[in-house]
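Participant: So here's upload.cif (mmCIF, C-alpha atoms).
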```cif
data_work
#
loop_
_atom_site.label_atom_id
_atom_site.label_comp_id
_atom_site.auth_asym_id
_atom_site.auth_seq_id
_atom_site.Cartn_x
_atom_site.Cartn_y
_atom_site.Cartn_z
CA MET A 1 0.00 0.00 0.00
CA SER A 2 2.74 2.43 1.00
CA SER A 3 4.66 1.63 -2.18
CA THR A 4 1.60 2.44 -4.30
CA ASN A 5 1.03 5.74 -2.50
CA THR A 6 4.68 6.69 -2.96
CA GLU A 7 4.51 6.01 -6.70
CA SER A 8 1.25 7.99 -7.10
CA SER A 9 2.70 11.00 -5.26
CA ALA A 10 5.94 10.80 -7.22
CA ALA A 11 4.14 11.05 -10.56
CA PRO A 12 2.73 14.56 -9.87
CA MET A 13 6.13 15.63 -8.56
CA ARG A 14 7.76 14.60 -11.82
CA ARG A 15 5.18 16.66 -13.70
CA LEU A 16 5.65 19.71 -11.51
CA PRO A 17 8.46 21.36 -13.56
CA LEU A 18 6.42 20.88 -16.75
CA LEU A 19 3.30 22.32 -15.10
CA LEU A 20 5.22 25.36 -13.86
CA PHE A 21 6.69 25.86 -17.34
CA ARG A 22 3.23 25.59 -18.93
CA GLN A 23 1.94 28.11 -16.41
CA LEU A 24 4.40 30.66 -17.84
CA ARG A 25 2.63 30.25 -21.21
CA PRO A 26 5.73 29.89 -23.42
CA LYS A 27 3.57 30.09 -26.57
CA GLN A 28 3.02 33.75 -25.73
CA TRP A 29 6.76 34.47 -25.71
CA THR A 30 6.76 35.17 -29.45
CA LYS A 31 5.49 38.66 -28.55
CA ASN A 32 8.77 39.32 -26.77
CA LEU A 33 10.80 38.75 -29.95
CA LEU A 34 10.33 42.47 -30.50
CA ILE A 35 13.24 42.96 -28.11
CA PHE A 36 15.51 41.84 -30.96
CA ALA A 37 14.56 44.91 -32.99
CA ALA A 38 17.36 46.82 -31.24
CA PRO A 39 20.24 44.62 -32.44
CA LEU A 40 18.52 44.26 -35.83
CA PHE A 41 18.51 47.99 -36.53
CA SER A 42 21.95 48.44 -34.91
CA PHE A 43 23.42 45.62 -36.93
CA GLU A 44 26.80 47.25 -37.58
CA THR A 45 27.52 47.55 -33.83
CA VAL A 46 26.26 44.11 -32.84
CA HIS A 47 28.73 41.57 -31.49
CA ALA A 48 28.54 38.37 -29.49
CA ARG A 49 28.10 40.15 -26.15
CA THR A 50 25.19 42.32 -27.31
CA LEU A 51 23.45 39.30 -28.81
CA LEU A 52 23.94 37.35 -25.57
CA ASP A 53 22.57 40.26 -23.52
CA THR A 54 19.56 40.49 -25.83
CA VAL A 55 18.86 36.76 -25.49
CA ILE A 56 19.09 37.08 -21.70
CA GLY A 57 16.80 40.12 -21.85
CA PHE A 58 14.31 38.14 -23.94
CA PHE A 59 14.07 35.39 -21.32
CA LEU A 60 13.88 37.86 -18.44
CA LEU A 61 11.02 39.68 -20.15
CA SER A 62 9.33 36.35 -20.85
CA PHE A 63 9.70 35.26 -17.21
CA VAL A 64 8.21 38.53 -15.94
CA SER A 65 5.30 38.23 -18.36
CA GLY A 66 4.90 34.64 -17.13
CA CYS A 67 4.61 35.98 -13.58
CA VAL A 68 1.75 38.18 -14.77
CA TYR A 69 0.00 35.07 -16.12
CA ILE A 70 0.46 33.36 -12.76
CA VAL A 71 -1.24 36.25 -10.93
CA ASN A 72 -3.99 36.39 -13.55
CA ASP A 73 -4.67 32.65 -13.52
CA TYR A 74 -4.60 32.57 -9.71
CA ALA A 75 -7.30 35.26 -9.53
CA ASP A 76 -9.42 33.69 -12.30
CA ARG A 77 -8.95 30.02 -11.46
CA GLU A 78 -12.55 29.51 -10.28
CA ALA A 79 -14.07 31.16 -13.35
CA ASP A 80 -11.62 29.36 -15.66
CA ARG A 81 -12.91 26.00 -14.45
CA ASN A 82 -16.19 26.75 -16.22
CA HIS A 83 -14.54 27.84 -19.47
CA PRO A 84 -14.33 25.25 -22.30
CA VAL A 85 -10.65 26.06 -23.04
CA LYS A 86 -9.25 27.77 -19.95
CA LYS A 87 -10.30 24.87 -17.71
CA PHE A 88 -7.23 22.97 -18.95
CA ARG A 89 -4.80 25.55 -17.55
CA PRO A 90 -2.58 24.10 -14.77
CA MET A 91 -4.25 25.91 -11.85
CA ALA A 92 -7.82 25.71 -13.17
CA SER A 93 -7.47 21.99 -13.84
CA GLY A 94 -6.28 21.38 -10.28
CA GLU A 95 -2.95 19.87 -11.37
CA LEU A 96 -0.89 22.80 -10.08
CA PRO A 97 -1.46 23.97 -6.46
CA PRO A 98 -2.29 27.72 -6.62
CA ASN A 99 -0.19 28.68 -3.59
CA LEU A 100 2.82 26.84 -4.98
CA ALA A 101 2.41 28.70 -8.28
CA LEU A 102 2.31 32.05 -6.44
CA VAL A 103 5.49 31.26 -4.50
CA PHE A 104 7.22 30.15 -7.68
CA GLY A 105 6.09 33.32 -9.45
CA ALA A 106 7.33 35.56 -6.62
CA LEU A 107 10.76 33.90 -6.59
CA LEU A 108 11.00 34.01 -10.38
CA LEU A 109 10.06 37.71 -10.44
CA ILE A 110 12.66 38.61 -7.80
CA ALA A 111 15.37 36.58 -9.55
CA SER A 112 14.52 38.11 -12.95
CA LEU A 113 14.68 41.66 -11.57
CA ALA A 114 18.00 40.93 -9.86
CA VAL A 115 19.57 39.62 -13.07
CA SER A 116 18.12 42.48 -15.11
CA TYR A 117 19.85 44.99 -12.80
CA LEU A 118 23.19 43.58 -13.94
CA LEU A 119 22.28 44.37 -17.56
CA ASN A 120 20.92 47.86 -16.95
CA PRO A 121 19.14 49.34 -13.89
CA LEU A 122 16.77 51.13 -16.29
CA PHE A 123 15.84 47.73 -17.71
CA THR A 124 14.88 46.67 -14.18
CA GLY A 125 12.62 49.71 -13.87
CA LEU A 126 11.03 48.90 -17.21
CA LEU A 127 10.32 45.32 -16.12
CA LEU A 128 8.68 46.60 -12.94
CA LEU A 129 6.55 49.00 -14.98
CA TYR A 130 5.66 46.21 -17.42
CA PHE A 131 4.63 43.90 -14.56
CA ALA A 132 2.56 46.56 -12.76
CA MET A 133 0.85 47.72 -15.95
CA ASN A 134 -0.13 44.20 -16.98
CA VAL A 135 -1.39 43.27 -13.53
CA ALA A 136 -3.53 46.43 -13.58
CA TYR A 137 -4.73 45.40 -17.05
CA SER A 138 -5.65 41.91 -15.85
CA PHE A 139 -7.67 43.14 -12.87
CA ARG A 140 -9.23 46.37 -14.13
CA LEU A 141 -8.01 48.08 -17.29
CA LYS A 142 -9.04 45.25 -19.66
CA HIS A 143 -12.64 46.23 -18.90
CA VAL A 144 -12.20 49.90 -19.89
CA VAL A 145 -13.09 50.55 -23.53
CA ILE A 146 -10.27 51.93 -25.75
CA ILE A 147 -7.89 51.98 -22.77
CA ASP A 148 -7.72 48.19 -23.06
CA ILE A 149 -6.24 48.22 -26.57
CA MET A 150 -3.95 51.14 -25.72
CA ILE A 151 -2.49 49.16 -22.80
CA ILE A 152 -1.80 46.26 -25.17
CA ALA A 153 0.01 48.66 -27.51
CA ALA A 154 1.97 50.15 -24.61
CA GLY A 155 3.18 46.65 -23.74
CA PHE A 156 4.72 46.26 -27.20
CA VAL A 157 6.35 49.70 -26.98
CA LEU A 158 7.93 48.68 -23.67
CA ARG A 159 9.25 45.54 -25.34
CA ALA A 160 10.89 47.63 -28.05
CA ILE A 161 12.40 50.02 -25.50
CA ALA A 162 13.65 47.04 -23.49
CA GLY A 163 15.74 45.88 -26.45
CA GLY A 164 17.46 49.27 -26.59
CA LEU A 165 18.07 49.40 -22.83
CA VAL A 166 19.63 45.93 -22.77
CA ILE A 167 22.32 46.84 -25.32
CA HIS A 168 22.39 50.58 -24.52
CA VAL A 169 21.14 51.71 -27.94
CA PRO A 170 18.55 54.51 -28.27
CA PHE A 171 15.56 54.23 -30.57
CA THR A 172 14.26 57.01 -32.78
CA PRO A 173 10.78 58.36 -31.90
CA TRP A 174 9.58 57.25 -35.34
CA PHE A 175 10.38 53.61 -34.59
CA LEU A 176 8.56 53.72 -31.25
CA LEU A 177 5.60 55.37 -32.99
CA CYS A 178 5.57 52.60 -35.61
CA THR A 179 5.66 49.99 -32.85
CA MET A 180 2.75 51.62 -31.04
CA LEU A 181 0.64 51.92 -34.19
CA LEU A 182 1.33 48.36 -35.33
CA SER A 183 0.45 47.11 -31.83
CA LEU A 184 -2.81 49.04 -31.95
CA PHE A 185 -3.50 47.46 -35.34
CA LEU A 186 -3.06 43.97 -33.88
CA ALA A 187 -5.07 44.77 -30.73
CA ILE A 188 -7.98 46.16 -32.77
CA GLY A 189 -7.91 43.04 -34.95
CA LYS A 190 -7.98 40.87 -31.83
CA ARG A 191 -11.03 42.70 -30.46
CA ARG A 192 -12.79 42.44 -33.83
CA HIS A 193 -12.21 38.70 -33.92
CA GLU A 194 -13.55 38.36 -30.38
CA LEU A 195 -16.61 40.40 -31.36
CA TYR A 196 -17.16 38.05 -34.30
CA LEU A 197 -16.99 35.01 -31.99
CA LEU A 198 -19.45 36.72 -29.65
CA GLN A 199 -22.15 36.34 -32.30
CA SER A 200 -22.09 32.57 -31.88
CA ASP A 201 -21.15 32.40 -28.18
CA VAL A 202 -23.04 35.04 -26.23
CA GLY A 203 -22.39 33.41 -22.86
CA SER A 204 -18.63 33.72 -22.79
CA HIS A 205 -16.95 36.98 -23.76
CA ARG A 206 -15.05 39.99 -22.46
CA LYS A 207 -17.28 42.56 -20.81
CA VAL A 208 -15.54 45.33 -22.74
CA LEU A 209 -16.88 43.90 -26.02
CA ASP A 210 -20.29 45.27 -25.08
CA HIS A 211 -18.88 48.73 -25.79
CA TYR A 212 -17.42 47.92 -29.23
CA SER A 213 -19.04 47.53 -32.64
CA PHE A 214 -17.78 46.34 -36.01
CA ASP A 215 -18.17 49.82 -37.48
CA LEU A 216 -16.12 51.42 -34.71
CA LEU A 217 -13.35 48.82 -34.85
CA ASP A 218 -13.19 48.93 -38.65
CA GLN A 219 -12.86 52.70 -38.61
CA MET A 220 -10.15 52.54 -35.96
CA SER A 221 -8.37 49.86 -37.98
CA SER A 222 -8.43 52.01 -41.13
CA ILE A 223 -6.95 54.98 -39.28
CA VAL A 224 -4.21 52.91 -37.64
CA THR A 225 -3.36 51.04 -40.85
CA THR A 226 -2.83 54.29 -42.76
CA ALA A 227 -0.88 55.89 -39.91
CA THR A 228 1.37 52.83 -39.56
CA ILE A 229 2.34 52.70 -43.23
CA ILE A 230 3.03 56.45 -43.34
CA SER A 231 5.01 56.38 -40.08
CA TYR A 232 7.12 53.42 -41.14
CA SER A 233 7.82 55.05 -44.50
CA LEU A 234 9.00 58.21 -42.71
CA PHE A 235 11.08 56.08 -40.35
CA THR A 236 13.00 54.53 -43.23
CA PHE A 237 13.98 58.00 -44.46
CA THR A 238 14.59 59.78 -41.13
CA SER A 239 16.05 57.09 -38.89
CA GLY A 240 19.62 58.12 -39.62
CA ARG A 241 20.28 54.80 -41.37
CA THR A 242 20.44 54.26 -45.10
CA VAL A 243 17.53 55.41 -47.27
CA HIS A 244 17.61 51.97 -48.88
CA LEU A 245 15.46 50.78 -45.95
CA MET A 246 12.62 52.12 -48.08
CA TRP A 247 12.77 48.82 -50.01
CA THR A 248 11.32 47.09 -46.93
CA ILE A 249 8.11 49.17 -47.10
CA PRO A 250 6.32 46.67 -49.42
CA PHE A 251 6.84 43.90 -46.82
CA VAL A 252 5.12 46.03 -44.17
CA ILE A 253 2.23 46.88 -46.50
CA TYR A 254 1.74 43.27 -47.58
CA GLY A 255 1.97 41.99 -44.01
CA MET A 256 -0.74 44.39 -42.81
CA PHE A 257 -2.98 43.72 -45.81
CA ARG A 258 -2.56 39.97 -45.32
CA TYR A 259 -3.55 40.33 -41.66
CA LEU A 260 -6.62 42.34 -42.65
CA TYR A 261 -7.51 39.55 -45.08
CA LEU A 262 -7.23 36.98 -42.29
CA ILE A 263 -9.44 39.10 -40.02
CA HIS A 264 -12.18 39.97 -42.51
CA ILE A 265 -12.23 36.94 -44.84
CA GLU A 266 -10.74 34.02 -42.91
CA LYS A 267 -12.24 35.24 -39.60
CA LYS A 268 -8.92 34.82 -37.78
CA GLY A 269 -6.76 37.25 -35.84
CA GLY A 270 -7.79 36.48 -32.27
CA ALA A 271 -4.23 35.49 -31.36
CA PRO A 272 -1.54 37.43 -33.30
CA ASP A 273 1.24 35.17 -31.96
CA LYS A 274 -0.64 32.12 -33.26
CA VAL A 275 -1.19 33.75 -36.67
CA LEU A 276 2.54 34.45 -36.93
CA LEU A 277 3.38 30.78 -36.49
CA GLU A 278 0.50 29.25 -38.46
CA ASP A 279 -0.02 31.55 -41.45
CA ARG A 280 2.68 30.77 -43.99
CA HIS A 281 2.31 34.08 -45.82
CA ILE A 282 2.80 36.16 -42.64
CA LEU A 283 5.72 34.02 -41.49
CA ILE A 284 7.52 34.23 -44.85
CA THR A 285 6.91 37.98 -44.98
CA VAL A 286 8.47 38.46 -41.53
CA ILE A 287 11.48 36.33 -42.48
CA LEU A 288 12.00 38.19 -45.75
CA TYR A 289 11.65 41.52 -43.94
CA VAL A 290 14.33 40.61 -41.37
CA VAL A 291 16.68 39.28 -44.04
CA SER A 292 16.22 42.37 -46.20
CA VAL A 293 16.93 44.72 -43.28
CA VAL A 294 20.14 42.84 -42.46
CA VAL A 295 21.28 42.80 -46.09
CA ILE A 296 20.54 46.51 -46.54
CA LEU A 297 22.29 47.58 -43.35
CA VAL A 298 25.35 45.45 -44.16
CA ASN A 299 25.75 46.58 -47.75
CA PHE A 300 24.50 50.15 -47.91
CA GLU A 301 25.57 51.85 -44.68
#
```
Let me see the file written as structure tokens.

Facilitator:
Amino acid sequence: MSSTNTESSAAPMRRLPLLLFRQLRPKQWTKNLLIFAAPLFSFETVHARTLLDTVIGFFLLSFVSGCVYIVNDYADREADRNHPVKKFRPMASGELPPNLALVFGALLLIASLAVSYLLNPLFTGLLLLYFAMNVAYSFRLKHVVIIDIMIIAAGFVLRAIAGGLVIHVPFTPWFLLCTMLLSLFLAIGKRRHELYLLQSDVGSHRKVLDHYSFDLLDQMSSIVTTATIISYSLFTFTSGRTVHLMWTIPFVIYGMFRYLYLIHIEKKGGAPDKVLLEDRHILITVILYVVSVVVILVNFE
């Protein structure tokens, strides 16, 4: 009997590291790849140390965002148990003890902040701001119309700034503006997709969707799409790099138009990180964009 009990208790213990890792939602980490924009656009000054620091910064940012998910899932664990998808999350499913997840999250947050201080104290401050802002979003701001999508955009801007802080490279205001506008574009698309799903599933949706309409979101999307393309075009000419960056403008235009197609025709767009990995056209466009930027900066600066 005792041997059987020991084996049954050992099985969950073996799964514990995997459950804790799942709780950090690694699939969401693709959003943090924006931190690599700093070494990408500072290609001529990049060396092994800056790349290593950026990789470390990427994981620190991912760990801190994972701590936000722990707090969020801890608070919502009872409601998540009644959700058809969220009920499989580690805490909601009962596989991961909530208090253990909180302790793990607190230790991970402290360790991440301590390591980030070695890279740049300003990076530590940014991580604290990112954590506080996202916790506020999870508990309150996600229910405030318009503010909710602006907070999402602010998160992406902080990711871009983080890349510069890690390797001590400043960004031009135009690049940060492009990041904010593109983030708004993705956030608006996400809300539109959720509003579309609401038509067939009235019982489970964000409260803030009651304050949105297709006409409003489509108008906002049109404004942001236009502003993004114009801002990026101006960035390629005024960033202080080579004007040959203008050849990357078609990739940006196609990528945004493709995403609009997925939203309006394919009825996708609820998870931008998932679209990036699953839509071949978007993925190839991103790869070609990165390659073209590297080639241009290497050969024309």

Participant: List the residues selected by the PyMOL selection byres ((chain A and resi 229-238) around 9) in the file shown, writing them as an mmCIF file with C-alpha atoms, keeping the file's coordinate frame.

Facilitator:
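The file below, out18.cif, is the result:
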```cif
data_model
loop_
_atom_site.group_PDB
_atom_site.id
_atom_site.type_symbol
_atom_site.label_atom_id
_atom_site.label_comp_id
_atom_site.auth_asym_id
_atom_site.auth_seq_id
_atom_site.Cartn_x
_atom_site.Cartn_y
_atom_site.Cartn_z
ATOM 1 C CA THR A 172 14.260 57.010 -32.780
ATOM 2 C CA PRO A 173 10.780 58.360 -31.900
ATOM 3 C CA TRP A 174 9.580 57.250 -35.340
ATOM 4 C CA PHE A 175 10.380 53.610 -34.590
ATOM 5 C CA LEU A 177 5.600 55.370 -32.990
ATOM 6 C CA CYS A 178 5.570 52.600 -35.610
ATOM 7 C CA LEU A 181 0.640 51.920 -34.190
ATOM 8 C CA VAL A 224 -4.210 52.910 -37.640
ATOM 9 C CA THR A 225 -3.360 51.040 -40.850
ATOM 10 C CA THR A 226 -2.830 54.290 -42.760
ATOM 11 C CA ALA A 227 -0.880 55.890 -39.910
ATOM 12 C CA THR A 228 1.370 52.830 -39.560
ATOM 13 C CA SER A 239 16.050 57.090 -38.890
ATOM 14 C CA GLY A 240 19.620 58.120 -39.620
ATOM 15 C CA ARG A 241 20.280 54.800 -41.370
ATOM 16 C CA THR A 242 20.440 54.260 -45.100
ATOM 17 C CA VAL A 243 17.530 55.410 -47.270
ATOM 18 C CA HIS A 244 17.610 51.970 -48.880
ATOM 19 C CA LEU A 245 15.460 50.780 -45.950
ATOM 20 C CA MET A 246 12.620 52.120 -48.080
ATOM 21 C CA TRP A 247 12.770 48.820 -50.010
ATOM 22 C CA THR A 248 11.320 47.090 -46.930
ATOM 23 C CA ILE A 249 8.110 49.170 -47.100
ATOM 24 C CA VAL A 252 5.120 46.030 -44.170
ATOM 25 C CA ILE A 253 2.230 46.880 -46.500
ATOM 26 C CA MET A 256 -0.740 44.390 -42.810
#
```

Participant: Which residue out of A:Ile167, A:Cys67, A:Ala79, A:Ile151 has the minimum interatomic distance to A:Ala101 when all atoms listed in the file are used?

Facilitator: A:Cys67

Participant: Evaluated on this file, the PyMOL selection byres ((chain A and resi 98) around 12) picks out some residues - which ones are they, written as a VMD selection string?

Facilitator: chain A and resid 19 to 20 23 70 to 78 89 to 97 99 to 105

Participant: Can I get the selection written as an mmCIF file, in the frame of the given file, with C-alpha atoms?

Facilitator:
```cif
data_model
loop_
_atom_site.group_PDB
_atom_site.id
_atom_site.type_symbol
_atom_site.label_atom_id
_atom_site.label_comp_id
_atom_site.auth_asym_id
_atom_site.auth_seq_id
_atom_site.Cartn_x
_atom_site.Cartn_y
_atom_site.Cartn_z
ATOM 1 C CA LEU A 19 3.300 22.320 -15.100
ATOM 2 C CA LEU A 20 5.220 25.360 -13.860
ATOM 3 C CA GLN A 23 1.940 28.110 -16.410
ATOM 4 C CA ILE A 70 0.460 33.360 -12.760
ATOM 5 C CA VAL A 71 -1.240 36.250 -10.930
ATOM 6 C CA ASN A 72 -3.990 36.390 -13.550
ATOM 7 C CA ASP A 73 -4.670 32.650 -13.520
ATOM 8 C CA TYR A 74 -4.600 32.570 -9.710
ATOM 9 C CA ALA A 75 -7.300 35.260 -9.530
ATOM 10 C CA ASP A 76 -9.420 33.690 -12.300
ATOM 11 C CA ARG A 77 -8.950 30.020 -11.460
ATOM 12 C CA GLU A 78 -12.550 29.510 -10.280
ATOM 13 C CA ARG A 89 -4.800 25.550 -17.550
ATOM 14 C CA PRO A 90 -2.580 24.100 -14.770
ATOM 15 C CA MET A 91 -4.250 25.910 -11.850
ATOM 16 C CA ALA A 92 -7.820 25.710 -13.170
ATOM 17 C CA SER A 93 -7.470 21.990 -13.840
ATOM 18 C CA GLY A 94 -6.280 21.380 -10.280
ATOM 19 C CA GLU A 95 -2.950 19.870 -11.370
ATOM 20 C CA LEU A 96 -0.890 22.800 -10.080
ATOM 21 C CA PRO A 97 -1.460 23.970 -6.460
ATOM 22 C CA ASN A 99 -0.190 28.680 -3.590
ATOM 23 C CA LEU A 100 2.820 26.840 -4.980
ATOM 24 C CA ALA A 101 2.410 28.700 -8.280
ATOM 25 C CA LEU A 102 2.310 32.050 -6.440
ATOM 26 C CA VAL A 103 5.490 31.260 -4.500
ATOM 27 C CA PHE A 104 7.220 30.150 -7.680
ATOM 28 C CA GLY A 105 6.090 33.320 -9.450
#
```

Participant: Using only C-alpha atoms, I'd like a table of the residues in stretch 122-234 of chain A that come within 10 Å of stretch 45-64 of chain A; for each, show the closest atom pair and its distance in Å rounded to one decimal, ordered by chain and ascending number, as JSON lines.

Facilitator:
```
{"residue": "A:Phe123", "atom": "CA", "partner": "A:Gly57", "partner_atom": "CA", "distance": 8.7}
{"residue": "A:Thr124", "atom": "CA", "partner": "A:Leu60", "partner_atom": "CA", "distance": 9.8}
{"residue": "A:Leu126", "atom": "CA", "partner": "A:Leu61", "partner_atom": "CA", "distance": 9.7}
{"residue": "A:Leu127", "atom": "CA", "partner": "A:Leu61", "partner_atom": "CA", "distance": 7.0}
{"residue": "A:Leu128", "atom": "CA", "partner": "A:Val64", "partner_atom": "CA", "distance": 8.6}
{"residue": "A:Tyr130", "atom": "CA", "partner": "A:Val64", "partner_atom": "CA", "distance": 8.2}
{"residue": "A:Phe131", "atom": "CA", "partner": "A:Val64", "partner_atom": "CA", "distance": 6.6}
{"residue": "A:Arg159", "atom": "CA", "partner": "A:Leu61", "partner_atom": "CA", "distance": 8.0}
{"residue": "A:Ala162", "atom": "CA", "partner": "A:Gly57", "partner_atom": "CA", "distance": 7.8}
{"residue": "A:Gly163", "atom": "CA", "partner": "A:Thr54", "partner_atom": "CA", "distance": 6.6}
{"residue": "A:Gly164", "atom": "CA", "partner": "A:Thr54", "partner_atom": "CA", "distance": 9.1}
{"residue": "A:Leu165", "atom": "CA", "partner": "A:Gly57", "partner_atom": "CA", "distance": 9.4}
{"residue": "A:Val166", "atom": "CA", "partner": "A:Thr54", "partner_atom": "CA", "distance": 6.2}
{"residue": "A:Ile167", "atom": "CA", "partner": "A:Thr50", "partner_atom": "CA", "distance": 5.7}
{"residue": "A:His168", "atom": "CA", "partner": "A:Thr50", "partner_atom": "CA", "distance": 9.2}
{"residue": "A:Val169", "atom": "CA", "partner": "A:Thr45", "partner_atom": "CA", "distance": 9.6}
```

Participant: Create the file for the chosen residues now, containing C-alpha atoms and written as a PDB file, in the coordinates of the input.

Facilitator:
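Output saved as result-v7.pdb:
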```pdb
ATOM      1  CA  PHE A 123      15.840  47.730 -17.710  1.00  0.00           C
ATOM      2  CA  THR A 124      14.880  46.670 -14.180  1.00  0.00           C
ATOM      3  CA  LEU A 126      11.030  48.900 -17.210  1.00  0.00           C
ATOM      4  CA  LEU A 127      10.320  45.320 -16.120  1.00  0.00           C
ATOM      5  CA  LEU A 128       8.680  46.600 -12.940  1.00  0.00           C
ATOM      6  CA  TYR A 130       5.660  46.210 -17.420  1.00  0.00           C
ATOM      7  CA  PHE A 131       4.630  43.900 -14.560  1.00  0.00           C
ATOM      8  CA  ARG A 159       9.250  45.540 -25.340  1.00  0.00           C
ATOM      9  CA  ALA A 162      13.650  47.040 -23.490  1.00  0.00           C
ATOM     10  CA  GLY A 163      15.740  45.880 -26.450  1.00  0.00           C
ATOM     11  CA  GLY A 164      17.460  49.270 -26.590  1.00  0.00           C
ATOM     12  CA  LEU A 165      18.070  49.400 -22.830  1.00  0.00           C
ATOM     13  CA  VAL A 166      19.630  45.930 -22.770  1.00  0.00           C
ATOM     14  CA  ILE A 167      22.320  46.840 -25.320  1.00  0.00           C
ATOM     15  CA  HIS A 168      22.390  50.580 -24.520  1.00  0.00           C
ATOM     16  CA  VAL A 169      21.140  51.710 -27.940  1.00  0.00           C
TER      17      VAL A 169
END
```

Participant: Return the single residue from A:Val208, A:Ala37, A:Leu18, A:Leu108 that is closest to A:His143, with distances computed using all atoms listed in the file.

Facilitator: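 Answer, going by the shortest atom-to-atom distance: A:Val208.
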
Participant: Suppose you want the space between atom CA of A:Tyr254 and atom CA of A:Tyr289; what is it in Å?

Facilitator: 10.7 Å

Participant: Residues within 8 Å of stretch 269-276 of chain A, please, as a ChimeraX atom specification. Count only C-alpha atoms; anything in the same chain fewer than 4 positions from it doesn't count.

Facilitator: /A:27-28,30-31,186,189-194,259,262-263,280,282-283

Participant: Run the PyMOL selection byres ((chain A and resi 295) around 12) on the file and write out the hits as a PyMOL selection string.

Facilitator: chain A and resi 40-41+43-44+242+244-245+247-248+288-294+296-301

Participant: Save the residues we just selected, C-alpha atoms, as an mmCIF file, keeping the file's coordinate frame?

Facilitator:
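Output below, filename selection.cif:
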```cif
data_model
loop_
_atom_site.group_PDB
_atom_site.id
_atom_site.type_symbol
_atom_site.label_atom_id
_atom_site.label_comp_id
_atom_site.auth_asym_id
_atom_site.auth_seq_id
_atom_site.Cartn_x
_atom_site.Cartn_y
_atom_site.Cartn_z
ATOM 1 C CA LEU A 40 18.520 44.260 -35.830
ATOM 2 C CA PHE A 41 18.510 47.990 -36.530
ATOM 3 C CA PHE A 43 23.420 45.620 -36.930
ATOM 4 C CA GLU A 44 26.800 47.250 -37.580
ATOM 5 C CA THR A 242 20.440 54.260 -45.100
ATOM 6 C CA HIS A 244 17.610 51.970 -48.880
ATOM 7 C CA LEU A 245 15.460 50.780 -45.950
ATOM 8 C CA TRP A 247 12.770 48.820 -50.010
ATOM 9 C CA THR A 248 11.320 47.090 -46.930
ATOM 10 C CA LEU A 288 12.000 38.190 -45.750
ATOM 11 C CA TYR A 289 11.650 41.520 -43.940
ATOM 12 C CA VAL A 290 14.330 40.610 -41.370
ATOM 13 C CA VAL A 291 16.680 39.280 -44.040
ATOM 14 C CA SER A 292 16.220 42.370 -46.200
ATOM 15 C CA VAL A 293 16.930 44.720 -43.280
ATOM 16 C CA VAL A 294 20.140 42.840 -42.460
ATOM 17 C CA ILE A 296 20.540 46.510 -46.540
ATOM 18 C CA LEU A 297 22.290 47.580 -43.350
ATOM 19 C CA VAL A 298 25.350 45.450 -44.160
ATOM 20 C CA ASN A 299 25.750 46.580 -47.750
ATOM 21 C CA PHE A 300 24.500 50.150 -47.910
ATOM 22 C CA GLU A 301 25.570 51.850 -44.680
#
```

Participant: Hey, which of A:Ser65, A:Asn134, A:Ser222, A:Thr285 ends up closest to A:Trp29? Count all atoms listed in the file.

Facilitator: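 Ranked by minimum distance to A:Trp29, first place goes to A:Ser65.
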
Participant: As an exercise, work out the distance from atom CA of A:Leu184 to atom CA of A:Ala154 in Å and give it to one decimal place.

Facilitator: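 Value for the atom CA of A:Leu184-atom CA of A:Ala154 distance: 8.8 Å.
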